[in-house]
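Below: one structure, written as structure tokens.
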Amino acid sequence: MQERQAWILNGFVGILLILVAIIGGVFMLIQEVPLIGLPLIAIGGLLASGVTVVQPNQSQVVIFFGKYLGSIRNSGLFVTVPLTIRRTISLRVRNFNSKKLKVNDVEGNPIEIAAVVVFKVVDSAKAVFDVDSYEEFVAIQSETAIRAVATRYPYDTFENVELTLRGNADEISDELAKELQDRLEVAGVEVIEARLTHLAYSTEIASAMLQRQQATAILSARKKIVEGAVSMAQMAVEQLEQDGILDLDEERKVNMVNNLMIAIISDRGTQPVVNTGSLY
């Protein structure tokens, strides 16, 4: 089904013709010429059944005894084909807020996710004839697309080697919008934007996953600290040897590196110990 323009006549011109036909028919009846008067009144009545008003950003689907004749997208007063059924479809931009859905991410962790979908109807014929109820169709397909996208990615990761639901919101939203557009094309709906509005671990594992996140974060931070400490200790030894400030043997180098590592890596501030004697 493809939308096309229905036959229309300017409403004010059409109403003028209707009045002329009815007034002319009444005049003919008064003049006792029923063979002309009755048909004129009937014609006026038929044309009057085609009078319709279309609001801005709305479309009227014109159906004549079960046959699709076209759609009226222009706003204003019109006269269209008489004895037709006209269904009004809104072309305005609308939001669909999904409820919180409980799904498993790619690692099998249960999460709660929700999204808002901004959409509008661009083909009124498809919206009316190709799906039973396009609003319900949008709701169901939106939740299905959210579930499908959520199961492809992990909730979070500290490895920075892949997309995550929490860390790559823009990329996930773009993929969700594309997924939705593919699903809603059949209903004549255009997806303008799709954004996640809620994302969290399910309550039964939220505490455990928080501890896991904290542990992973601590390990990641410790790794960076150790890497920095080793680099700083190496740089200190090389600088001392290069400038000729101290002549250190291997044992003293080990002792200095050990002290530097402890001072840098320790969670608490280290207390200096002044050695006035020899190391030996």
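Letters A, B, ... go to the chains of the structure tokens in the order shown; residues in each chain start at 1; ligands are counted from 1 in the same order.
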Who sits within 6 Å of Asp105 in chain A, only C-alpha atoms, same chain under 5 positions skipped, as a PyMOL selection string: chain A and resi 150-151+153-154
Expected file: the selected residues, all heavy atoms, as a PDB file, in the first residue's frame:
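Below you can see part.pdb, which holds the result:
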ATOM      1  N   ALA A 150      19.749  -4.743  23.642  1.00  0.00           N
ATOM      2  CA  ALA A 150      20.334  -4.930  24.976  1.00  0.00           C
ATOM      3  C   ALA A 150      21.048  -6.266  25.098  1.00  0.00           C
ATOM      4  O   ALA A 150      22.019  -6.386  25.853  1.00  0.00           O
ATOM      5  CB  ALA A 150      19.247  -4.816  26.038  1.00  0.00           C
ATOM      6  N   THR A 151      20.600  -7.281  24.378  1.00  0.00           N
ATOM      7  CA  THR A 151      21.219  -8.602  24.487  1.00  0.00           C
ATOM      8  C   THR A 151      22.509  -8.732  23.679  1.00  0.00           C
ATOM      9  O   THR A 151      23.192  -9.753  23.777  1.00  0.00           O
ATOM     10  CB  THR A 151      20.231  -9.683  24.022  1.00  0.00           C
ATOM     11  OG1 THR A 151      19.813  -9.407  22.674  1.00  0.00           O
ATOM     12  CG2 THR A 151      18.993  -9.720  24.922  1.00  0.00           C
ATOM     13  N   TYR A 153      25.164  -6.527  23.822  1.00  0.00           N
ATOM     14  CA  TYR A 153      26.296  -5.855  24.437  1.00  0.00           C
ATOM     15  C   TYR A 153      26.318  -6.094  25.946  1.00  0.00           C
ATOM     16  O   TYR A 153      25.272  -6.329  26.557  1.00  0.00           O
ATOM     17  CB  TYR A 153      26.233  -4.342  24.163  1.00  0.00           C
ATOM     18  CG  TYR A 153      26.203  -4.003  22.701  1.00  0.00           C
ATOM     19  CD1 TYR A 153      25.001  -3.706  22.063  1.00  0.00           C
ATOM     20  CD2 TYR A 153      27.372  -3.995  21.943  1.00  0.00           C
ATOM     21  CE1 TYR A 153      24.972  -3.405  20.713  1.00  0.00           C
ATOM     22  CE2 TYR A 153      27.341  -3.684  20.589  1.00  0.00           C
ATOM     23  CZ  TYR A 153      26.140  -3.388  19.985  1.00  0.00           C
ATOM     24  OH  TYR A 153      26.114  -3.091  18.644  1.00  0.00           O
ATOM     25  N   PRO A 154      27.501  -6.000  26.547  1.00  0.00           N
ATOM     26  CA  PRO A 154      27.579  -6.089  28.008  1.00  0.00           C
ATOM     27  C   PRO A 154      27.122  -4.777  28.647  1.00  0.00           C
ATOM     28  O   PRO A 154      27.186  -3.712  28.016  1.00  0.00           O
ATOM     29  CB  PRO A 154      29.060  -6.347  28.268  1.00  0.00           C
ATOM     30  CG  PRO A 154      29.756  -5.700  27.115  1.00  0.00           C
ATOM     31  CD  PRO A 154      28.834  -5.890  25.930  1.00  0.00           C
TER      32      PRO A 154
END
Shell around range 184-186 of chain A at 10 Å using only C-alpha atoms, local window under 5 positions removed, as a list in words: Met1, Phe119, Val121, Val122, Asp123, Lys126, Ala127, Asp130, Val131, Tyr134, Phe137, Val138, Gln141, Ser142, Lys178, Glu179 and Val191 of chain A
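Look at His198 in chain A: the protein and nucleic acid residues within 10 Å of it, using only C-alpha atoms and passing over chain neighbours fewer than 2 places away, are A:Ser98, A:Lys99, A:Lys100, A:Leu101, A:Glu112, A:Ile113, A:Ala114, A:Ala115, A:Val116, A:Arg195, A:Leu196, A:Ala200.
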Would you output that residue set with N, CA and C atoms, as a short mmCIF file (atom, residue, chain, number, x, y, z; two decimals), in the first residue's frame?
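Listing of out_11.cif after writing:
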data_model
loop_
_atom_site.label_atom_id
_atom_site.label_comp_id
_atom_site.auth_asym_id
_atom_site.auth_seq_id
_atom_site.Cartn_x
_atom_site.Cartn_y
_atom_site.Cartn_z
N SER A 98 8.91 3.62 26.78
CA SER A 98 8.76 2.20 27.11
C SER A 98 8.81 2.02 28.63
N LYS A 99 8.21 0.97 29.09
CA LYS A 99 8.32 0.64 30.50
C LYS A 99 9.69 -0.01 30.75
N LYS A 100 10.04 -0.16 32.02
CA LYS A 100 11.31 -0.78 32.35
C LYS A 100 11.27 -2.26 32.00
N LEU A 101 12.17 -2.68 31.13
CA LEU A 101 12.21 -4.06 30.68
C LEU A 101 13.36 -4.79 31.38
N GLU A 112 17.93 -3.88 33.91
CA GLU A 112 16.70 -3.15 33.64
C GLU A 112 17.01 -2.06 32.65
N ILE A 113 16.19 -1.94 31.61
CA ILE A 113 16.46 -0.96 30.55
C ILE A 113 15.14 -0.38 30.07
N ALA A 114 15.15 0.90 29.72
CA ALA A 114 13.98 1.58 29.15
C ALA A 114 14.48 2.64 28.18
N ALA A 115 13.61 3.05 27.27
CA ALA A 115 14.00 4.03 26.25
C ALA A 115 12.80 4.87 25.86
N VAL A 116 13.09 6.01 25.25
CA VAL A 116 12.05 6.86 24.67
C VAL A 116 12.28 6.90 23.17
N ARG A 195 16.41 7.08 22.49
CA ARG A 195 17.39 7.29 23.55
C ARG A 195 17.05 6.43 24.76
N LEU A 196 18.10 5.91 25.41
CA LEU A 196 17.91 5.15 26.63
C LEU A 196 17.57 6.12 27.76
N ALA A 200 20.15 -0.05 34.42
CA ALA A 200 20.69 -0.45 35.74
C ALA A 200 20.65 -1.96 35.84
#
For Arg94 in chain A: contacts at 12 Å, only C-alpha atoms, fewer than 3 positions along chain excluded, given as a list in words: Asn57, Ser90, Leu91, Asn97, Val116, Val117, Val118, Phe119, Lys120, Val121, Glu135, Val138, Ala139, Val189, Glu190, Val191, Ile192, Glu193 and Ala194 of chain A
Just write the chosen residues, all heavy atoms, as a compact mmCIF listing (two decimals), in the first residue's frame.
# COMPACT_ATOMS: atom_id res chain seq x y z
N ASN A 57 -0.93 19.32 10.21
CA ASN A 57 -0.20 18.12 10.62
C ASN A 57 -1.12 16.93 10.87
O ASN A 57 -0.91 16.13 11.77
CB ASN A 57 0.66 18.39 11.86
CG ASN A 57 1.96 19.08 11.52
OD1 ASN A 57 2.52 18.88 10.45
ND2 ASN A 57 2.42 19.92 12.41
N SER A 90 -2.85 11.37 12.67
CA SER A 90 -1.98 12.46 13.08
C SER A 90 -0.59 12.29 12.47
O SER A 90 -0.01 11.20 12.52
CB SER A 90 -1.89 12.51 14.61
OG SER A 90 -0.96 13.51 15.01
N LEU A 91 -0.06 13.37 11.92
CA LEU A 91 1.30 13.39 11.37
C LEU A 91 2.27 14.11 12.30
O LEU A 91 3.41 14.36 11.94
CB LEU A 91 1.31 14.08 9.99
CG LEU A 91 0.37 13.50 8.93
CD1 LEU A 91 0.49 14.31 7.64
CD2 LEU A 91 0.67 12.04 8.67
N ASN A 97 7.28 6.22 25.48
CA ASN A 97 8.14 5.88 26.60
C ASN A 97 7.90 4.42 26.97
O ASN A 97 6.80 4.05 27.40
CB ASN A 97 7.83 6.78 27.81
CG ASN A 97 8.29 8.21 27.59
OD1 ASN A 97 9.47 8.47 27.46
ND2 ASN A 97 7.34 9.13 27.54
N VAL A 116 13.09 6.01 25.25
CA VAL A 116 12.05 6.86 24.67
C VAL A 116 12.28 6.90 23.17
O VAL A 116 13.42 7.03 22.70
CB VAL A 116 12.09 8.28 25.27
CG1 VAL A 116 13.44 8.94 25.06
CG2 VAL A 116 10.97 9.14 24.69
N VAL A 117 11.21 6.75 22.41
CA VAL A 117 11.26 6.73 20.95
C VAL A 117 10.47 7.92 20.42
O VAL A 117 9.29 8.09 20.78
CB VAL A 117 10.69 5.42 20.39
CG1 VAL A 117 10.74 5.43 18.86
CG2 VAL A 117 11.46 4.22 20.94
N VAL A 118 11.11 8.74 19.61
CA VAL A 118 10.46 9.89 18.98
C VAL A 118 10.15 9.50 17.53
O VAL A 118 11.06 9.14 16.78
CB VAL A 118 11.36 11.13 19.03
CG1 VAL A 118 10.64 12.34 18.44
CG2 VAL A 118 11.80 11.42 20.46
N PHE A 119 8.88 9.57 17.15
CA PHE A 119 8.48 9.10 15.83
C PHE A 119 7.33 9.93 15.28
O PHE A 119 6.70 10.71 16.01
CB PHE A 119 8.06 7.62 15.90
CG PHE A 119 6.75 7.40 16.60
CD1 PHE A 119 5.56 7.28 15.89
CD2 PHE A 119 6.69 7.30 17.99
CE1 PHE A 119 4.34 7.09 16.54
CE2 PHE A 119 5.49 7.10 18.65
CZ PHE A 119 4.32 6.99 17.92
N LYS A 120 7.09 9.75 13.99
CA LYS A 120 5.92 10.36 13.35
C LYS A 120 5.50 9.51 12.16
O LYS A 120 6.32 8.75 11.61
CB LYS A 120 6.22 11.79 12.89
CG LYS A 120 7.23 11.88 11.76
CD LYS A 120 7.41 13.33 11.31
CE LYS A 120 8.41 13.44 10.15
NZ LYS A 120 8.56 14.84 9.68
N VAL A 121 4.25 9.62 11.78
CA VAL A 121 3.72 8.90 10.62
C VAL A 121 4.06 9.68 9.35
O VAL A 121 3.81 10.89 9.28
CB VAL A 121 2.21 8.70 10.74
CG1 VAL A 121 1.64 8.06 9.48
CG2 VAL A 121 1.87 7.83 11.96
N GLU A 135 -0.22 2.47 16.40
CA GLU A 135 0.27 2.90 17.70
C GLU A 135 0.66 1.70 18.56
O GLU A 135 1.71 1.70 19.20
CB GLU A 135 -0.80 3.74 18.40
CG GLU A 135 -1.05 5.09 17.71
CD GLU A 135 -2.15 5.87 18.39
OE1 GLU A 135 -3.09 5.23 18.90
OE2 GLU A 135 -2.06 7.11 18.43
N VAL A 138 3.84 0.23 17.08
CA VAL A 138 5.03 0.97 17.50
C VAL A 138 5.45 0.56 18.91
O VAL A 138 6.63 0.35 19.18
CB VAL A 138 4.77 2.49 17.42
CG1 VAL A 138 5.89 3.27 18.11
CG2 VAL A 138 4.65 2.94 15.97
N ALA A 139 4.49 0.44 19.81
CA ALA A 139 4.80 0.09 21.20
C ALA A 139 5.45 -1.29 21.29
O ALA A 139 6.48 -1.47 21.94
CB ALA A 139 3.53 0.15 22.04
N VAL A 189 6.01 4.56 9.45
CA VAL A 189 6.45 5.38 10.58
C VAL A 189 7.94 5.69 10.42
O VAL A 189 8.73 4.81 10.09
CB VAL A 189 6.19 4.66 11.92
CG1 VAL A 189 6.83 5.42 13.08
CG2 VAL A 189 4.70 4.50 12.14
N GLU A 190 8.31 6.93 10.66
CA GLU A 190 9.71 7.35 10.65
C GLU A 190 10.19 7.56 12.08
O GLU A 190 9.55 8.29 12.86
CB GLU A 190 9.88 8.65 9.86
CG GLU A 190 11.31 9.18 9.86
CD GLU A 190 11.43 10.54 9.21
OE1 GLU A 190 10.42 11.02 8.64
OE2 GLU A 190 12.52 11.13 9.28
N VAL A 191 11.30 6.93 12.42
CA VAL A 191 11.89 7.09 13.76
C VAL A 191 12.84 8.27 13.70
O VAL A 191 13.82 8.26 12.96
CB VAL A 191 12.64 5.81 14.19
CG1 VAL A 191 13.31 6.02 15.55
CG2 VAL A 191 11.67 4.63 14.26
N ILE A 192 12.56 9.30 14.49
CA ILE A 192 13.39 10.50 14.52
C ILE A 192 14.56 10.33 15.48
O ILE A 192 15.69 10.71 15.18
CB ILE A 192 12.54 11.73 14.90
CG1 ILE A 192 11.42 11.93 13.86
CG2 ILE A 192 13.40 12.98 15.02
CD1 ILE A 192 10.46 13.02 14.22
N GLU A 193 14.29 9.73 16.63
CA GLU A 193 15.33 9.56 17.64
C GLU A 193 14.92 8.47 18.61
O GLU A 193 13.73 8.24 18.84
CB GLU A 193 15.58 10.87 18.39
CG GLU A 193 16.75 10.82 19.36
CD GLU A 193 16.93 12.12 20.11
OE1 GLU A 193 15.93 12.86 20.27
OE2 GLU A 193 18.06 12.40 20.55
N ALA A 194 15.90 7.78 19.15
CA ALA A 194 15.67 6.78 20.20
C ALA A 194 16.79 6.92 21.22
O ALA A 194 17.97 6.88 20.87
CB ALA A 194 15.65 5.37 19.62
List the neighbours of range 74-76 of chain A out to 6 Å using only C-alpha atoms; skip same-chain residues closer than 6 positions along the sequence, and give me the result as an mmCIF file with N, CA, C and O atoms, in the first residue's frame.
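Produced file out12.cif, reproduced below:
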data_model
loop_
_atom_site.group_PDB
_atom_site.id
_atom_site.type_symbol
_atom_site.label_atom_id
_atom_site.label_comp_id
_atom_site.auth_asym_id
_atom_site.auth_seq_id
_atom_site.Cartn_x
_atom_site.Cartn_y
_atom_site.Cartn_z
ATOM 1 N N VAL A 53 -12.920 18.795 6.968
ATOM 2 C CA VAL A 53 -11.952 19.768 7.480
ATOM 3 C C VAL A 53 -10.715 19.004 7.938
ATOM 4 O O VAL A 53 -10.811 18.047 8.712
ATOM 5 N N VAL A 54 -9.539 19.436 7.469
ATOM 6 C CA VAL A 54 -8.279 18.790 7.835
ATOM 7 C C VAL A 54 -7.452 19.783 8.648
ATOM 8 O O VAL A 54 -7.182 20.891 8.192
ATOM 9 N N GLN A 55 -7.055 19.357 9.851
ATOM 10 C CA GLN A 55 -6.243 20.203 10.716
ATOM 11 C C GLN A 55 -4.773 20.152 10.277
ATOM 12 O O GLN A 55 -4.343 19.218 9.608
ATOM 13 N N PRO A 56 -3.979 21.165 10.674
ATOM 14 C CA PRO A 56 -2.542 21.125 10.351
ATOM 15 C C PRO A 56 -1.876 19.888 10.948
ATOM 16 O O PRO A 56 -2.194 19.456 12.052
#
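Proximity ranking of A:Gly37, A:Arg4, A:Leu47, A:Gln181 relative to Leu17 in chain A places A:Leu47 first, based on only C-alpha atoms.
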CA of Thr88 in chain A to CA of Ala42 in chain A, distance in Å rounded to a single decimal: 26.9 Å
d(CA of Val254 in chain A, CA of Gln239 in chain A) in Å: 15.3 Å
Selected residue, from A:Phe12, A:Asn255, A:Thr144, A:Gly45, that lies nearest to Leu176 in chain A when counting only C-alpha atoms: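 Among A:Phe12, A:Asn255, A:Thr144, A:Gly45, it is A:Thr144 that comes nearest to Leu176 in chain A.
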